[in-house]
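Written below as structure tokens is the structure these notes are about.
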Amino acid sequence: MKTKIIFIIGVSGVGKSTVANLLSKKLQVPFFDGDDFHHEKNIKKMASGTPLNDADRYDWLQSLNELAIKHVKAKTSCIIVCSALKQAYRDILSHQIEKYSEWVFLHGSFDQIKKRLDNRKNHFMSSELLKSQFDTLEEPTNAIKINVEKSPEHIVEIIKNLSNNKSEFGLFGLGVMGKSLSRNLANNGVKLSLFNRHIAGKEENIALNFKKEFPELATALPFDDIAAFVNSIQQPRKIMLMVNAGKTIDLVIENLLPYLTKGDILIDGGNSNYNKTKERHDYLKSKNIYFIGAGVSGGEEGALRGPSIMPGGNEETYKKIQPFLEKIAAKDENKLPCCSYIGPEGSGHFVKMVHNGIEYAEMQLLAEVFTLLKNLGKNPDEIAAILESWKAIENSYLLEITIDILRKKDGEDWLIHKIMDKAGNKGTGNWTTIATAQLGIPSTMVASSLFARYISFFKEERITVSTYFNTNDLSLNLNSEEILKAYQFARIINHYQGFKLIKEASNRNNWNINLSELARIWTNGCIIRSDLMTSLVTTFKTVDNILHEPEIIEKLQALKPFIKKVVTEGIVNEVAVPTLTDAISFLNSFSKATSSANIIQAQRDYFGAHTYQRTDDTSGKFYHTHWAKN
Ligand SMILES: NC(=O)C1=CN([C@@H]2O[C@H](COP(=O)(O)OP(=O)(O)OC[C@H]3O[C@@H](n4cnc5c(N)ncnc54)[C@H](OP(=O)(O)O)[C@@H]3O)[C@@H](O)[C@H]2O)C=CC1
Ligand SMILES: O=C(CO)[C@H](O)[C@H](O)COP(=O)(O)O
């Protein structure tokens, strides 16, 4: 048996000593009655009929705490009986041994206990005295709570089962991701507690029914009661939250807090905003609870078979959950887990956010490729066949799933023809675009793919506007090979922009993010895994800016004529290719030693006296011109 100190607590007459005695025999561990540890002066005071005050109790509780510490140091368990009616008393009892302490709270109604006391021979307790105990009682939130209506033997059996059967890890929220991650944890031998909320008539017995559905969850403990869920987990508890980002996370944290104890760890595995993650980390720290913001990527299937995991926060805290996360993570080509400590604060959620920003642009590029090929007269099966042939050169998870999507039939037609062309979003692309603007990094492709989704959303207005503008007969002068090369070019720029944003955020916040390691954990499990990502693991070992890497420069040079042609053909023939366009526009701007910004500076100085620097003065001095004609 793991070393533990079992405190049996409750008001007088609840049967603590009887239960402790039986439990001590059952578990073969010693039992100590707290009353035997009162100091001489306390005994005298009580004998004189004066109730003890908190100062009197302090030394007594401390001596019980010393007794418990002595047992923990000797790696032996014991049972201690003490009324411990207030939380402050329990804090003294478990000081420095919180993670070894288990609480059993025996309870009953006032009348029930009074009757038990009255039935005891040689024992009298006035109603007032018992009432004062009930008034003092602050119910523990982290205890095994048992009603004393049950027989002592039954109570001992319950304690024994619950105490021996604690889970190693808790999963809160059994939606798409929570269910898959739970099964993944269980498949990896983790003893789990599962929780989903109860909403009468709507969300009932979710955890229990889910457990029954999958054999790997046979030993998992299902709950829809928060207190019971938390109490079923070994301390310090490790609880992963897989709920919707935003106010739900805050709500869930507040719901959990009363039951958590010092040192417990909450892991937010959702797509939370990185700024909020830092705030939550600091808030929970003030409550002695640790918080890790872990980005998880891989969708439903990845979460089950092995996602990519991006944990951020305090590194020492991360080490405590590392074995669990590494177990369930995807493995790279060298069988190493696609899970790595990212850095402090909200850095884990920041990189997950940018991952999604890259994902937005990768998805949009494939959508534009599809549109171009469709405009060349290809049907979905023919487009799928072309994309299939690209796998040998430019493979990625998103390319693979797009091929599957294009081949899916719905009756005689292809399903893709029946899917409404209005793209949804849950916020991460929006936040990435905000971050690029805030940090002053030109990650233009995330922004254009986000705005492409927003444009798509105005379906009804698009239909109306389409009647105002006659589209000429399309005659795209392109072939699939040229489209592939344009796509390859745009993917490199997209990855450059995404990693550049991460590098800048890392520098500004002192996160010290290792880009090669980040690329490595994105080589499997996540949505943006690809051959290009695998090659970047090596590239980032020597440079942290791929635009300065000779091989990449050479590749971009070779691909550039094709993206120019594809984008030109798209624009001339009115085929919307905003993200392909942004890729080449970006390089057109970024690869010029001189830009048009001199005009901007002159305009700013003209109307707002914002000043400008001169190309013929290298000192960096700022000038102002009196522009208006006199
Ligand atoms: N789906 C995906 O591909 C990915 C999702 N994510 C992120 O993971 C997180 C979870 O996503 P996903 O599993 O898809 O979402 P789902 O909508 O499938 O599940 C949400 C879960 O949160 C619970 N929940 C919602 N509101 C509350 C509340 N007020 N109190 C308690 N529980 C609540 C739901 O319970 P109930 O069932 O009772 O409503 C459900 O268990 C999100 O942050 C998402 O962005 C990250 C990577 C991939
Ligand atoms: O994190 C994810 C994948 O990596 C989620 O699937 C996310 O919901 C995708 O973002 P959006 O819903 O905005 O398209």
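Naming works like this for the structure tokens: A, B, ... for the chains as they're shown, residue 1 at the start of each chain, ligands 1 onward in shown order.
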
Excluding same-chain residues fewer than 3 positions from stretch 103-120 of chain A, what lies within 7 Å of it counting only C-alpha atoms, as an mmCIF file with N, CA and C atoms, in the first residue's frame?
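Output contents, as saved in part_33.cif:
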data_model
loop_
_atom_site.group_PDB
_atom_site.id
_atom_site.type_symbol
_atom_site.label_atom_id
_atom_site.label_comp_id
_atom_site.auth_asym_id
_atom_site.auth_seq_id
_atom_site.Cartn_x
_atom_site.Cartn_y
_atom_site.Cartn_z
ATOM 1 N N ILE A 6 -4.596 8.421 6.828
ATOM 2 C CA ILE A 6 -6.052 8.518 6.676
ATOM 3 C C ILE A 6 -6.616 9.228 7.912
ATOM 4 N N PHE A 7 -7.147 10.418 7.719
ATOM 5 C CA PHE A 7 -7.776 11.160 8.807
ATOM 6 C C PHE A 7 -9.272 10.853 8.792
ATOM 7 N N ILE A 8 -9.780 10.331 9.896
ATOM 8 C CA ILE A 8 -11.228 10.092 9.980
ATOM 9 C C ILE A 8 -11.809 11.210 10.836
ATOM 10 N N ILE A 9 -12.692 11.982 10.224
ATOM 11 C CA ILE A 9 -13.143 13.204 10.884
ATOM 12 C C ILE A 9 -14.679 13.271 10.941
ATOM 13 N N GLY A 10 -15.175 14.180 11.787
ATOM 14 C CA GLY A 10 -16.623 14.366 11.920
ATOM 15 C C GLY A 10 -16.968 14.760 13.352
ATOM 16 N N GLY A 13 -19.625 11.512 18.303
ATOM 17 C CA GLY A 13 -20.730 10.567 18.265
ATOM 18 C C GLY A 13 -21.015 9.993 16.895
ATOM 19 N N VAL A 14 -20.217 10.369 15.930
ATOM 20 C CA VAL A 14 -20.491 9.923 14.567
ATOM 21 C C VAL A 14 -19.917 8.515 14.305
ATOM 22 N N HIS A 123 -22.431 7.832 28.466
ATOM 23 C CA HIS A 123 -22.035 8.979 27.649
ATOM 24 C C HIS A 123 -23.177 9.978 27.599
ATOM 25 N N PHE A 124 -22.844 11.197 27.928
ATOM 26 C CA PHE A 124 -23.883 12.210 27.787
ATOM 27 C C PHE A 124 -23.299 13.410 27.047
ATOM 28 N N MET A 125 -24.026 13.848 26.074
ATOM 29 C CA MET A 125 -23.630 15.090 25.401
ATOM 30 C C MET A 125 -24.896 15.923 25.234
ATOM 31 N N ALA A 143 -13.011 15.223 0.776
ATOM 32 C CA ALA A 143 -13.024 14.009 1.595
ATOM 33 C C ALA A 143 -13.930 12.945 0.993
ATOM 34 N N ILE A 144 -13.672 11.704 1.364
ATOM 35 C CA ILE A 144 -14.637 10.637 1.072
ATOM 36 C C ILE A 144 -15.746 10.845 2.105
ATOM 37 N N LYS A 145 -16.945 11.153 1.616
ATOM 38 C CA LYS A 145 -18.028 11.531 2.534
ATOM 39 C C LYS A 145 -18.991 10.352 2.666
ATOM 40 N N ILE A 146 -19.152 9.832 3.913
ATOM 41 C CA ILE A 146 -19.999 8.639 4.079
ATOM 42 C C ILE A 146 -21.026 8.873 5.183
ATOM 43 N N ASN A 147 -22.276 8.567 4.874
ATOM 44 C CA ASN A 147 -23.339 8.708 5.868
ATOM 45 C C ASN A 147 -23.257 7.538 6.853
ATOM 46 N N VAL A 148 -23.380 7.851 8.151
ATOM 47 C CA VAL A 148 -23.171 6.814 9.163
ATOM 48 C C VAL A 148 -24.396 5.939 9.397
#

Q. Residues at most 12 Å from A:Ser94, counting only C-alpha atoms, excluding those fewer than 4 positions away in the same chain, as a PyMOL selection string?
A. chain A and resi 4-7+61-69+72+80+84+87-90+98-103+261-262

Atoms kept (N, CA and C atoms) for selection, written as a PDB file, in the first residue's frame:
ATOM      1  N   LYS A   4       0.058   6.412   3.196  1.00  0.00           N
ATOM      2  CA  LYS A   4      -0.979   7.440   3.321  1.00  0.00           C
ATOM      3  C   LYS A   4      -1.397   7.611   4.776  1.00  0.00           C
ATOM      4  N   ILE A   5      -1.821   8.820   5.064  1.00  0.00           N
ATOM      5  CA  ILE A   5      -2.324   9.124   6.407  1.00  0.00           C
ATOM      6  C   ILE A   5      -3.830   9.327   6.237  1.00  0.00           C
ATOM      7  N   ILE A   6      -4.596   8.421   6.828  1.00  0.00           N
ATOM      8  CA  ILE A   6      -6.052   8.518   6.676  1.00  0.00           C
ATOM      9  C   ILE A   6      -6.616   9.228   7.912  1.00  0.00           C
ATOM     10  N   PHE A   7      -7.147  10.418   7.719  1.00  0.00           N
ATOM     11  CA  PHE A   7      -7.776  11.160   8.807  1.00  0.00           C
ATOM     12  C   PHE A   7      -9.272  10.853   8.792  1.00  0.00           C
ATOM     13  N   LEU A  61      -3.147  20.023  17.542  1.00  0.00           N
ATOM     14  CA  LEU A  61      -3.218  19.654  16.119  1.00  0.00           C
ATOM     15  C   LEU A  61      -1.814  19.510  15.540  1.00  0.00           C
ATOM     16  N   GLN A  62      -0.918  20.383  16.029  1.00  0.00           N
ATOM     17  CA  GLN A  62       0.464  20.302  15.535  1.00  0.00           C
ATOM     18  C   GLN A  62       1.122  18.986  15.954  1.00  0.00           C
ATOM     19  N   SER A  63       0.817  18.536  17.170  1.00  0.00           N
ATOM     20  CA  SER A  63       1.440  17.275  17.586  1.00  0.00           C
ATOM     21  C   SER A  63       0.891  16.109  16.755  1.00  0.00           C
ATOM     22  N   LEU A  64      -0.389  16.203  16.330  1.00  0.00           N
ATOM     23  CA  LEU A  64      -0.928  15.155  15.446  1.00  0.00           C
ATOM     24  C   LEU A  64      -0.267  15.238  14.069  1.00  0.00           C
ATOM     25  N   ASN A  65       0.004  16.472  13.637  1.00  0.00           N
ATOM     26  CA  ASN A  65       0.695  16.661  12.354  1.00  0.00           C
ATOM     27  C   ASN A  65       2.110  16.058  12.427  1.00  0.00           C
ATOM     28  N   GLU A  66       2.793  16.283  13.575  1.00  0.00           N
ATOM     29  CA  GLU A  66       4.147  15.707  13.746  1.00  0.00           C
ATOM     30  C   GLU A  66       4.099  14.185  13.694  1.00  0.00           C
ATOM     31  N   LEU A  67       3.056  13.633  14.319  1.00  0.00           N
ATOM     32  CA  LEU A  67       2.878  12.177  14.305  1.00  0.00           C
ATOM     33  C   LEU A  67       2.729  11.683  12.855  1.00  0.00           C
ATOM     34  N   ALA A  68       1.919  12.408  12.087  1.00  0.00           N
ATOM     35  CA  ALA A  68       1.686  12.021  10.686  1.00  0.00           C
ATOM     36  C   ALA A  68       2.983  12.136   9.883  1.00  0.00           C
ATOM     37  N   ILE A  69       3.713  13.247  10.074  1.00  0.00           N
ATOM     38  CA  ILE A  69       4.977  13.444   9.332  1.00  0.00           C
ATOM     39  C   ILE A  69       5.960  12.314   9.654  1.00  0.00           C
ATOM     40  N   VAL A  72       5.067   9.397   7.604  1.00  0.00           N
ATOM     41  CA  VAL A  72       5.384   9.573   6.179  1.00  0.00           C
ATOM     42  C   VAL A  72       6.880   9.370   5.965  1.00  0.00           C
ATOM     43  N   ILE A  80      -5.605   8.398  11.680  1.00  0.00           N
ATOM     44  CA  ILE A  80      -5.706   9.337  12.803  1.00  0.00           C
ATOM     45  C   ILE A  80      -7.159   9.804  12.912  1.00  0.00           C
ATOM     46  N   ALA A  84     -11.623  17.562  13.713  1.00  0.00           N
ATOM     47  CA  ALA A  84     -11.151  18.451  12.619  1.00  0.00           C
ATOM     48  C   ALA A  84     -12.312  19.137  11.905  1.00  0.00           C
ATOM     49  N   GLN A  87     -11.699  23.892   8.384  1.00  0.00           N
ATOM     50  CA  GLN A  87     -10.662  23.720   7.364  1.00  0.00           C
ATOM     51  C   GLN A  87      -9.296  24.123   7.929  1.00  0.00           C
ATOM     52  N   ALA A  88      -9.292  25.171   8.757  1.00  0.00           N
ATOM     53  CA  ALA A  88      -8.010  25.640   9.312  1.00  0.00           C
ATOM     54  C   ALA A  88      -7.355  24.527  10.138  1.00  0.00           C
ATOM     55  N   TYR A  89      -8.164  23.728  10.867  1.00  0.00           N
ATOM     56  CA  TYR A  89      -7.597  22.620  11.654  1.00  0.00           C
ATOM     57  C   TYR A  89      -7.014  21.562  10.709  1.00  0.00           C
ATOM     58  N   ARG A  90      -7.760  21.313   9.623  1.00  0.00           N
ATOM     59  CA  ARG A  90      -7.303  20.272   8.683  1.00  0.00           C
ATOM     60  C   ARG A  90      -6.024  20.717   7.968  1.00  0.00           C
ATOM     61  N   GLU A  98       0.433  17.129   2.495  1.00  0.00           N
ATOM     62  CA  GLU A  98      -0.873  17.219   1.809  1.00  0.00           C
ATOM     63  C   GLU A  98      -1.097  16.038   0.875  1.00  0.00           C
ATOM     64  N   LYS A  99      -0.041  15.693   0.123  1.00  0.00           N
ATOM     65  CA  LYS A  99      -0.278  14.671  -0.899  1.00  0.00           C
ATOM     66  C   LYS A  99      -0.390  13.255  -0.313  1.00  0.00           C
ATOM     67  N   TYR A 100      -0.035  13.107   0.970  1.00  0.00           N
ATOM     68  CA  TYR A 100      -0.184  11.784   1.596  1.00  0.00           C
ATOM     69  C   TYR A 100      -1.496  11.680   2.375  1.00  0.00           C
ATOM     70  N   SER A 101      -2.190  12.824   2.523  1.00  0.00           N
ATOM     71  CA  SER A 101      -3.359  12.862   3.407  1.00  0.00           C
ATOM     72  C   SER A 101      -4.636  12.472   2.676  1.00  0.00           C
ATOM     73  N   GLU A 102      -5.395  11.603   3.323  1.00  0.00           N
ATOM     74  CA  GLU A 102      -6.714  11.247   2.794  1.00  0.00           C
ATOM     75  C   GLU A 102      -7.733  11.521   3.872  1.00  0.00           C
ATOM     76  N   TRP A 103      -8.858  12.067   3.494  1.00  0.00           N
ATOM     77  CA  TRP A 103      -9.866  12.477   4.476  1.00  0.00           C
ATOM     78  C   TRP A 103     -11.108  11.628   4.326  1.00  0.00           C
ATOM     79  N   THR A 261      -7.028  20.809  -3.963  1.00  0.00           N
ATOM     80  CA  THR A 261      -6.148  21.125  -2.836  1.00  0.00           C
ATOM     81  C   THR A 261      -4.791  21.573  -3.362  1.00  0.00           C
ATOM     82  N   LYS A 262      -4.083  22.244  -2.474  1.00  0.00           N
ATOM     83  CA  LYS A 262      -2.765  22.804  -2.782  1.00  0.00           C
ATOM     84  C   LYS A 262      -1.910  21.824  -3.601  1.00  0.00           C
TER      85      LYS A 262
END

Could you list, with a cut-off of 9 Å and counting only C-alpha atoms and all ligand atoms, the residues of chain A near ligand 2, each shown with its nearest atom pair and the distance in Å rounded to one decimal, rows sorted by chain and ascending number, as a Markdown table?
| residue | atom | partner | partner_atom_place_in_ligand_line | distance |
| --- | --- | --- | --- | --- |
| A:Gly270 | CA | ligand 2 | 1 (O) | 8.0 |
| A:Asn271 | CA | ligand 2 | 1 (O) | 6.2 |
| A:Gly295 | CA | ligand 2 | 1 (O) | 8.2 |
| A:Val296 | CA | ligand 2 | 1 (O) | 7.2 |
| A:Ser297 | CA | ligand 2 | 4 (O) | 4.7 |
| A:Gly298 | CA | ligand 2 | 4 (O) | 6.1 |
| A:Gly299 | CA | ligand 2 | 6 (O) | 5.6 |
| A:Glu300 | CA | ligand 2 | 6 (O) | 8.5 |
| A:Lys352 | CA | ligand 2 | 1 (O) | 7.6 |
| A:Met353 | CA | ligand 2 | 1 (O) | 7.9 |
| A:His355 | CA | ligand 2 | 4 (O) | 7.1 |
| A:Asn356 | CA | ligand 2 | 4 (O) | 5.4 |
| A:Gly357 | CA | ligand 2 | 10 (O) | 8.6 |
| A:Glu359 | CA | ligand 2 | 4 (O) | 7.1 |
| A:Tyr360 | CA | ligand 2 | 14 (O) | 7.0 |
| A:Ala423 | CA | ligand 2 | 14 (O) | 8.1 |
| A:Gly424 | CA | ligand 2 | 14 (O) | 6.3 |
| A:Asn425 | CA | ligand 2 | 13 (O) | 3.3 |
| A:Lys426 | CA | ligand 2 | 13 (O) | 3.7 |
| A:Gly427 | CA | ligand 2 | 13 (O) | 5.3 |
| A:Thr428 | CA | ligand 2 | 13 (O) | 5.6 |
| A:Gly429 | CA | ligand 2 | 13 (O) | 6.1 |
| A:Asn430 | CA | ligand 2 | 13 (O) | 8.2 |
| A:Cys526 | CA | ligand 2 | 4 (O) | 6.9 |
| A:Ile527 | CA | ligand 2 | 4 (O) | 5.6 |
| A:Ile528 | CA | ligand 2 | 4 (O) | 8.0 |

How would the residues just picked look written out with N, CA and C atoms as a PDB file, in the first residue's frame?
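What follows is the written file out18.pdb:
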ATOM      1  N   GLY A 270      -7.640  22.774 -24.370  1.00  0.00           N
ATOM      2  CA  GLY A 270      -8.445  23.373 -25.447  1.00  0.00           C
ATOM      3  C   GLY A 270      -7.690  24.465 -26.183  1.00  0.00           C
ATOM      4  N   ASN A 271      -8.376  25.069 -27.141  1.00  0.00           N
ATOM      5  CA  ASN A 271      -7.760  26.145 -27.925  1.00  0.00           C
ATOM      6  C   ASN A 271      -7.989  27.482 -27.239  1.00  0.00           C
ATOM      7  N   GLY A 295      -1.600  23.199 -25.929  1.00  0.00           N
ATOM      8  CA  GLY A 295      -2.256  23.065 -27.226  1.00  0.00           C
ATOM      9  C   GLY A 295      -2.249  21.597 -27.617  1.00  0.00           C
ATOM     10  N   VAL A 296      -3.352  21.131 -28.164  1.00  0.00           N
ATOM     11  CA  VAL A 296      -3.448  19.735 -28.621  1.00  0.00           C
ATOM     12  C   VAL A 296      -3.931  19.772 -30.063  1.00  0.00           C
ATOM     13  N   SER A 297      -3.209  19.107 -30.956  1.00  0.00           N
ATOM     14  CA  SER A 297      -3.672  19.080 -32.349  1.00  0.00           C
ATOM     15  C   SER A 297      -3.749  17.660 -32.880  1.00  0.00           C
ATOM     16  N   GLY A 298      -4.736  17.433 -33.695  1.00  0.00           N
ATOM     17  CA  GLY A 298      -4.876  16.121 -34.324  1.00  0.00           C
ATOM     18  C   GLY A 298      -6.328  15.775 -34.582  1.00  0.00           C
ATOM     19  N   GLY A 299      -7.227  16.630 -34.067  1.00  0.00           N
ATOM     20  CA  GLY A 299      -8.651  16.355 -34.246  1.00  0.00           C
ATOM     21  C   GLY A 299      -9.043  15.100 -33.496  1.00  0.00           C
ATOM     22  N   GLU A 300     -10.225  14.582 -33.802  1.00  0.00           N
ATOM     23  CA  GLU A 300     -10.801  13.436 -33.089  1.00  0.00           C
ATOM     24  C   GLU A 300      -9.920  12.192 -33.234  1.00  0.00           C
ATOM     25  N   LYS A 352       0.094  26.824 -30.490  1.00  0.00           N
ATOM     26  CA  LYS A 352      -1.071  26.093 -31.039  1.00  0.00           C
ATOM     27  C   LYS A 352      -1.914  27.046 -31.889  1.00  0.00           C
ATOM     28  N   MET A 353      -2.024  28.287 -31.432  1.00  0.00           N
ATOM     29  CA  MET A 353      -2.789  29.281 -32.187  1.00  0.00           C
ATOM     30  C   MET A 353      -2.140  29.507 -33.569  1.00  0.00           C
ATOM     31  N   HIS A 355      -0.111  27.452 -35.080  1.00  0.00           N
ATOM     32  CA  HIS A 355      -0.323  26.190 -35.803  1.00  0.00           C
ATOM     33  C   HIS A 355      -1.633  26.280 -36.580  1.00  0.00           C
ATOM     34  N   ASN A 356      -2.673  26.751 -35.905  1.00  0.00           N
ATOM     35  CA  ASN A 356      -3.976  26.856 -36.573  1.00  0.00           C
ATOM     36  C   ASN A 356      -3.967  27.935 -37.652  1.00  0.00           C
ATOM     37  N   GLY A 357      -3.200  29.005 -37.426  1.00  0.00           N
ATOM     38  CA  GLY A 357      -3.073  30.044 -38.455  1.00  0.00           C
ATOM     39  C   GLY A 357      -2.442  29.450 -39.711  1.00  0.00           C
ATOM     40  N   GLU A 359      -2.485  26.364 -40.457  1.00  0.00           N
ATOM     41  CA  GLU A 359      -3.526  25.421 -40.929  1.00  0.00           C
ATOM     42  C   GLU A 359      -4.564  26.147 -41.807  1.00  0.00           C
ATOM     43  N   TYR A 360      -4.994  27.332 -41.363  1.00  0.00           N
ATOM     44  CA  TYR A 360      -5.977  28.103 -42.141  1.00  0.00           C
ATOM     45  C   TYR A 360      -5.451  28.346 -43.559  1.00  0.00           C
ATOM     46  N   ALA A 423     -17.632  29.067 -44.799  1.00  0.00           N
ATOM     47  CA  ALA A 423     -16.679  28.446 -43.867  1.00  0.00           C
ATOM     48  C   ALA A 423     -16.846  28.996 -42.455  1.00  0.00           C
ATOM     49  N   GLY A 424     -16.854  28.108 -41.482  1.00  0.00           N
ATOM     50  CA  GLY A 424     -16.939  28.513 -40.072  1.00  0.00           C
ATOM     51  C   GLY A 424     -15.558  28.765 -39.501  1.00  0.00           C
ATOM     52  N   ASN A 425     -15.512  29.184 -38.284  1.00  0.00           N
ATOM     53  CA  ASN A 425     -14.226  29.306 -37.582  1.00  0.00           C
ATOM     54  C   ASN A 425     -14.510  29.442 -36.098  1.00  0.00           C
ATOM     55  N   LYS A 426     -13.512  29.021 -35.301  1.00  0.00           N
ATOM     56  CA  LYS A 426     -13.727  29.081 -33.854  1.00  0.00           C
ATOM     57  C   LYS A 426     -12.800  30.069 -33.174  1.00  0.00           C
ATOM     58  N   GLY A 427     -12.053  30.858 -33.937  1.00  0.00           N
ATOM     59  CA  GLY A 427     -11.324  31.963 -33.292  1.00  0.00           C
ATOM     60  C   GLY A 427      -9.817  31.972 -33.419  1.00  0.00           C
ATOM     61  N   THR A 428      -9.184  30.799 -33.621  1.00  0.00           N
ATOM     62  CA  THR A 428      -7.716  30.809 -33.582  1.00  0.00           C
ATOM     63  C   THR A 428      -7.088  31.550 -34.770  1.00  0.00           C
ATOM     64  N   GLY A 429      -7.751  31.497 -35.947  1.00  0.00           N
ATOM     65  CA  GLY A 429      -7.231  32.234 -37.109  1.00  0.00           C
ATOM     66  C   GLY A 429      -7.350  33.730 -36.885  1.00  0.00           C
ATOM     67  N   ASN A 430      -8.453  34.106 -36.272  1.00  0.00           N
ATOM     68  CA  ASN A 430      -8.688  35.499 -35.920  1.00  0.00           C
ATOM     69  C   ASN A 430      -7.601  35.990 -34.931  1.00  0.00           C
ATOM     70  N   CYS A 526      -0.336  16.070 -35.733  1.00  0.00           N
ATOM     71  CA  CYS A 526      -1.087  17.321 -35.879  1.00  0.00           C
ATOM     72  C   CYS A 526      -1.624  17.505 -37.296  1.00  0.00           C
ATOM     73  N   ILE A 527      -2.484  18.505 -37.438  1.00  0.00           N
ATOM     74  CA  ILE A 527      -3.170  18.742 -38.715  1.00  0.00           C
ATOM     75  C   ILE A 527      -2.200  19.272 -39.781  1.00  0.00           C
ATOM     76  N   ILE A 528      -1.122  19.960 -39.371  1.00  0.00           N
ATOM     77  CA  ILE A 528      -0.225  20.535 -40.397  1.00  0.00           C
ATOM     78  C   ILE A 528       1.041  19.687 -40.604  1.00  0.00           C
TER      79      ILE A 528
END

Q: Write out as a list of chain:residue names each polymer residue whose atoms come within 12 Å of A:Asp35, counting only C-alpha atoms; drop sequence neighbours fewer than 2 positions from it.
A: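 Here the answer would be A:Ser12, A:Lys16, A:Ser17, A:Phe32, A:Asp33, A:Phe37, A:His38, A:His39, A:Glu40, A:Asn42, A:Ile43, A:Met46, A:Arg57, A:Trp60, A:Leu61, A:Ser63, A:Leu64, A:Ile80, A:Val81, A:Cys82, A:Ser83, A:Ala84.
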
Next, the residues of the selection above should be written as an mmCIF file, in the first residue's frame with N, CA and C atoms.
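The new file part.cif reads:
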data_model
loop_
_atom_site.group_PDB
_atom_site.id
_atom_site.type_symbol
_atom_site.label_atom_id
_atom_site.label_comp_id
_atom_site.auth_asym_id
_atom_site.auth_seq_id
_atom_site.Cartn_x
_atom_site.Cartn_y
_atom_site.Cartn_z
ATOM 1 N N SER A 12 -18.639 14.741 17.202
ATOM 2 C CA SER A 12 -18.641 13.704 18.244
ATOM 3 C C SER A 12 -19.835 12.786 18.052
ATOM 4 N N LYS A 16 -16.401 7.660 14.730
ATOM 5 C CA LYS A 16 -15.059 7.719 14.126
ATOM 6 C C LYS A 16 -14.157 6.594 14.655
ATOM 7 N N SER A 17 -14.140 6.427 15.988
ATOM 8 C CA SER A 17 -13.204 5.449 16.574
ATOM 9 C C SER A 17 -13.571 4.028 16.169
ATOM 10 N N PHE A 32 -4.535 5.943 15.617
ATOM 11 C CA PHE A 32 -4.313 6.825 16.766
ATOM 12 C C PHE A 32 -5.547 7.678 17.000
ATOM 13 N N ASP A 33 -5.980 7.717 18.261
ATOM 14 C CA ASP A 33 -7.124 8.569 18.590
ATOM 15 C C ASP A 33 -6.596 9.939 18.989
ATOM 16 N N PHE A 37 -3.858 12.658 22.447
ATOM 17 C CA PHE A 37 -2.670 13.492 22.224
ATOM 18 C C PHE A 37 -2.808 14.909 22.799
ATOM 19 N N HIS A 38 -3.880 15.130 23.569
ATOM 20 C CA HIS A 38 -4.043 16.455 24.174
ATOM 21 C C HIS A 38 -2.954 16.690 25.222
ATOM 22 N N HIS A 39 -2.460 17.927 25.289
ATOM 23 C CA HIS A 39 -1.468 18.275 26.302
ATOM 24 C C HIS A 39 -2.156 18.341 27.659
ATOM 25 N N GLU A 40 -1.337 18.227 28.677
ATOM 26 C CA GLU A 40 -1.816 18.239 30.068
ATOM 27 C C GLU A 40 -2.757 19.421 30.330
ATOM 28 N N ASN A 42 -4.575 21.170 28.311
ATOM 29 C CA ASN A 42 -5.875 21.041 27.640
ATOM 30 C C ASN A 42 -6.777 20.087 28.423
ATOM 31 N N ILE A 43 -6.182 18.986 28.862
ATOM 32 C CA ILE A 43 -6.982 17.990 29.602
ATOM 33 C C ILE A 43 -7.568 18.643 30.854
ATOM 34 N N MET A 46 -10.401 21.048 29.908
ATOM 35 C CA MET A 46 -11.647 20.360 29.537
ATOM 36 C C MET A 46 -12.303 19.771 30.774
ATOM 37 N N ARG A 57 -6.097 24.535 20.805
ATOM 38 C CA ARG A 57 -6.113 23.414 19.846
ATOM 39 C C ARG A 57 -4.859 23.390 18.969
ATOM 40 N N TRP A 60 -2.082 21.030 19.980
ATOM 41 C CA TRP A 60 -2.590 19.649 19.888
ATOM 42 C C TRP A 60 -2.613 19.172 18.426
ATOM 43 N N LEU A 61 -3.147 20.023 17.542
ATOM 44 C CA LEU A 61 -3.218 19.654 16.119
ATOM 45 C C LEU A 61 -1.814 19.510 15.540
ATOM 46 N N SER A 63 0.817 18.536 17.170
ATOM 47 C CA SER A 63 1.440 17.275 17.586
ATOM 48 C C SER A 63 0.891 16.109 16.755
ATOM 49 N N LEU A 64 -0.389 16.203 16.330
ATOM 50 C CA LEU A 64 -0.928 15.155 15.446
ATOM 51 C C LEU A 64 -0.267 15.238 14.069
ATOM 52 N N ILE A 80 -5.605 8.398 11.680
ATOM 53 C CA ILE A 80 -5.706 9.337 12.803
ATOM 54 C C ILE A 80 -7.159 9.804 12.912
ATOM 55 N N VAL A 81 -7.700 9.694 14.123
ATOM 56 C CA VAL A 81 -9.078 10.125 14.356
ATOM 57 C C VAL A 81 -9.071 11.487 15.033
ATOM 58 N N CYS A 82 -9.808 12.397 14.468
ATOM 59 C CA CYS A 82 -9.832 13.749 15.030
ATOM 60 C C CYS A 82 -11.077 14.434 14.483
ATOM 61 N N SER A 83 -11.767 15.218 15.303
ATOM 62 C CA SER A 83 -13.007 15.822 14.782
ATOM 63 C C SER A 83 -12.694 16.767 13.608
ATOM 64 N N ALA A 84 -11.623 17.562 13.713
ATOM 65 C CA ALA A 84 -11.151 18.451 12.619
ATOM 66 C C ALA A 84 -12.312 19.137 11.905
#
